[in-house]
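Trainee: Attaching a single structure in structure tokens format; questions to follow.
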Amino acid sequence: ISQVFVPAIISISLLVFSGWMIAAQLGAVPQEWMHGSTPLAFALNMGIASMVVACPCAMGLAVPTALMVGTGIAAHNGILIKTGEAIEFARKVTSIIFDKTGTLTEGKPRVSDALIVSQKVAKAEVIRLTGAAETNSEHPLGRALVSYAQNYLQKGDQRAADEGGGLSSSNDNAGESEGQQAARFLGNPTEFTAESGKGLHCQVDGRRVTVGKMAWMVENKVQGINDEVHAAVTRLEEQAKTAVVAAIDLQIAAVFGIADAPRPESPAVLAALVKMGITPWMVTGDNQRTAYSVAEGLGLPRQYVMAEVMPGNKARKVKLLQEQGHTVAMVGDGINDAPALAQADLGMAIGNGTDIAIEAA
């Protein structure tokens, strides 16, 4: 029986494949049937389906084996796949949302510019107080300000901008975290209040320190925001840098420019996704000018940039695309990416991301 059955099933499957391939190439197949796949992939699906119906046992053994081999090869290349469903969803993805910081960029922001506008507080003191305010921060921009302040006070202006690293630990401080070492060196913040995606304010050595976006300064009624400050913020944002403003005792004190270079492979990855028929998006809390400048360097059109998105709204952006009929993948690395990673049809966490982000993916 098998001498007739096997060739017959293979022949029927090939006929089904050929028929659907021709129909798809001629445009006779409705697009909603194809779910965004190519004519070849669609026809191959139909041919395999015919074979599965005729002899399901063979496929029942082959599919788990293929999945096991696939996950093994992926792990060898540094990609850990949590479930087999992730592989199944991957082929259906039509849109991928990338978080900017640490995903499309290297995630190693450095303070490249420091404009001190305070007339009452010395430059070194402004930098120290700003760094002290950020000592407990987990945000990459906050850590960049802490590292810059440490280096500036230890090594001077130019070397602080060039090196960007923090304090080296000694045996005496081996049990301390980086934040504790920074607080001991720069000052310990108290009465700390932070609002995700906006900024923070606290007390450091009897002074009220406010650090964050320009809108955060306005919200906290900071004085002294003049044309020079606005021009500096605009200039930095047009250079694809994030502008962080600092105020001492509710008087504007400094504007810091923080640069985070794009990953060298990012433009090629985005271009490859477009060729595959997958739409890449970039989501960021940065100002539109900064976001558009970064996107331009990546070769990403402006219409695919989601700028000024608060951390809590990233999941809403994912849901919005899903409601429009997209199968969405989310790529991120931070704590504030976790809700979006969980909301997406397929979550991808970068390996150096936070544990929460990796667990949510």
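Naming works like this for the structure tokens: A, B, ... for the chains as they're shown, residue 1 at the start of each chain, ligands 1 onward in shown order.
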Could you list, as a compact mmCIF listing (two decimals) with N, CA and C atoms, in the first residue's frame, every residue within 12 Å of stretch 6-12 of chain A, counting only C-alpha atoms and ignoring same-chain residues fewer than 5 positions away?
Mentor:
```
# COMPACT_ATOMS: atom_id res chain seq x y z
N ILE A 1 0.84 -1.21 0.00
CA ILE A 1 0.00 0.00 0.00
C ILE A 1 0.87 1.26 0.00
N PHE A 17 0.28 22.61 -4.37
CA PHE A 17 1.27 23.70 -4.31
C PHE A 17 1.32 24.46 -5.64
N SER A 18 1.40 23.74 -6.74
CA SER A 18 1.51 24.37 -8.07
C SER A 18 0.26 25.19 -8.38
N GLY A 19 -0.91 24.63 -8.07
CA GLY A 19 -2.16 25.33 -8.36
C GLY A 19 -2.27 26.64 -7.61
N MET A 46 -0.10 25.63 1.68
CA MET A 46 -1.21 24.81 1.20
C MET A 46 -0.75 23.39 0.86
N GLY A 47 0.41 23.30 0.21
CA GLY A 47 0.94 21.98 -0.13
C GLY A 47 1.25 21.16 1.11
N ILE A 48 1.86 21.79 2.10
CA ILE A 48 2.18 21.08 3.35
C ILE A 48 0.91 20.68 4.08
N ALA A 49 -0.11 21.57 4.05
CA ALA A 49 -1.38 21.26 4.70
C ALA A 49 -1.99 19.99 4.12
N SER A 50 -1.91 19.84 2.81
CA SER A 50 -2.44 18.64 2.15
C SER A 50 -1.71 17.39 2.63
N MET A 51 -0.39 17.50 2.77
CA MET A 51 0.41 16.37 3.22
C MET A 51 0.11 16.03 4.69
N VAL A 52 -0.10 17.06 5.50
CA VAL A 52 -0.39 16.84 6.92
C VAL A 52 -1.72 16.11 7.10
N VAL A 53 -2.72 16.50 6.31
CA VAL A 53 -4.04 15.87 6.41
C VAL A 53 -3.94 14.38 6.06
N ALA A 54 -3.10 14.07 5.05
CA ALA A 54 -2.99 12.68 4.60
C ALA A 54 -2.15 11.82 5.56
N CYS A 55 -1.09 12.37 6.11
CA CYS A 55 -0.24 11.57 7.01
C CYS A 55 0.23 12.43 8.18
N PRO A 56 -0.63 12.69 9.15
CA PRO A 56 -0.31 13.60 10.27
C PRO A 56 0.76 13.05 11.21
N ALA A 58 3.64 11.60 10.67
CA ALA A 58 5.01 11.97 10.28
C ALA A 58 5.29 13.42 10.65
```
Trainee: May I have the residues within 8 Å of A:Ala215 as a PyMOL selection string, using only C-alpha atoms and disregarding those fewer than 3 positions away in the same chain?
Mentor: chain A and resi 198+218-219
Trainee: Could you take the residues named above and write them with C-alpha atoms, as a CSV table (one decimal), in the first residue's frame?
Mentor:
```
chain,number,residue,atom,x,y,z
A,198,LYS,CA,9.6,63.9,32.8
A,218,VAL,CA,8.0,74.8,33.3
A,219,GLU,CA,5.8,72.5,35.4
```
Trainee: How many Å separate atom CA of A:Thr190 from atom CA of A:Leu145?
Mentor: 17.8 Å
Trainee: List the neighbours of A:Gly277 out to 9 Å using only C-alpha atoms; skip same-chain residues closer than 3 positions along the sequence, and give me the result as a list of chain:residue names.
Mentor: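 Answer for this query is A:Gly36, A:Ser37, A:Thr94, A:Ser95, A:Ala272, A:Leu273, A:Val274.
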Trainee: Deliver the residues from the most recent selection as a file, using N, CA and C atoms, as a PDB file, in the first residue's frame.
Mentor:
```pdb
ATOM      1  N   GLY A  36      -0.409  38.604   4.342  1.00  0.00           N
ATOM      2  CA  GLY A  36       0.859  39.304   4.141  1.00  0.00           C
ATOM      3  C   GLY A  36       2.014  38.442   3.683  1.00  0.00           C
ATOM      4  N   SER A  37       1.795  37.144   3.489  1.00  0.00           N
ATOM      5  CA  SER A  37       2.895  36.269   3.062  1.00  0.00           C
ATOM      6  C   SER A  37       3.092  36.357   1.553  1.00  0.00           C
ATOM      7  N   THR A  94       3.821  41.710  11.293  1.00  0.00           N
ATOM      8  CA  THR A  94       3.748  42.700  10.208  1.00  0.00           C
ATOM      9  C   THR A  94       4.371  44.034  10.602  1.00  0.00           C
ATOM     10  N   SER A  95       4.502  44.274  11.913  1.00  0.00           N
ATOM     11  CA  SER A  95       5.105  45.521  12.399  1.00  0.00           C
ATOM     12  C   SER A  95       6.000  45.213  13.598  1.00  0.00           C
ATOM     13  N   ALA A 272      16.499  45.704   6.029  1.00  0.00           N
ATOM     14  CA  ALA A 272      16.182  44.297   5.757  1.00  0.00           C
ATOM     15  C   ALA A 272      14.732  43.987   6.118  1.00  0.00           C
ATOM     16  N   LEU A 273      14.244  44.559   7.213  1.00  0.00           N
ATOM     17  CA  LEU A 273      12.847  44.332   7.612  1.00  0.00           C
ATOM     18  C   LEU A 273      11.881  44.892   6.573  1.00  0.00           C
ATOM     19  N   VAL A 274      12.189  46.069   6.050  1.00  0.00           N
ATOM     20  CA  VAL A 274      11.333  46.672   5.020  1.00  0.00           C
ATOM     21  C   VAL A 274      11.268  45.773   3.788  1.00  0.00           C
TER      22      VAL A 274
END
```
Trainee: Excluding same-chain residues fewer than 4 positions from A:Gly212, what lies within 9 Å of it counting only C-alpha atoms, as JSON, numbers by chain?
Mentor: {"A": [197, 198, 199, 200, 201, 216, 217, 243, 244, 245, 246]}
Trainee: Any chance you could export the current selection's C-alpha atoms as an mmCIF file, in the first residue's frame?
Mentor:
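again-v3.cif, freshly written:
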```cif
data_model
loop_
_atom_site.group_PDB
_atom_site.id
_atom_site.type_symbol
_atom_site.label_atom_id
_atom_site.label_comp_id
_atom_site.auth_asym_id
_atom_site.auth_seq_id
_atom_site.Cartn_x
_atom_site.Cartn_y
_atom_site.Cartn_z
ATOM 1 C CA GLY A 197 9.509 60.324 31.448
ATOM 2 C CA LYS A 198 9.649 63.887 32.816
ATOM 3 C CA GLY A 199 12.272 64.419 35.506
ATOM 4 C CA LEU A 200 12.950 64.647 39.227
ATOM 5 C CA HIS A 201 13.487 67.040 42.088
ATOM 6 C CA TRP A 216 9.381 69.593 33.686
ATOM 7 C CA MET A 217 11.081 72.931 34.412
ATOM 8 C CA ALA A 243 18.731 67.847 26.167
ATOM 9 C CA VAL A 244 18.534 67.583 29.963
ATOM 10 C CA VAL A 245 17.972 70.782 31.933
ATOM 11 C CA ALA A 246 19.025 71.341 35.545
#
```
Trainee: Give me every alpha helix (DSSP H) residue in stretch 218-289 of chain A, going by DSSP on the backbone, as number ranges by chain.
Mentor: A: 218-219, 227-238, 266-275, 288-289
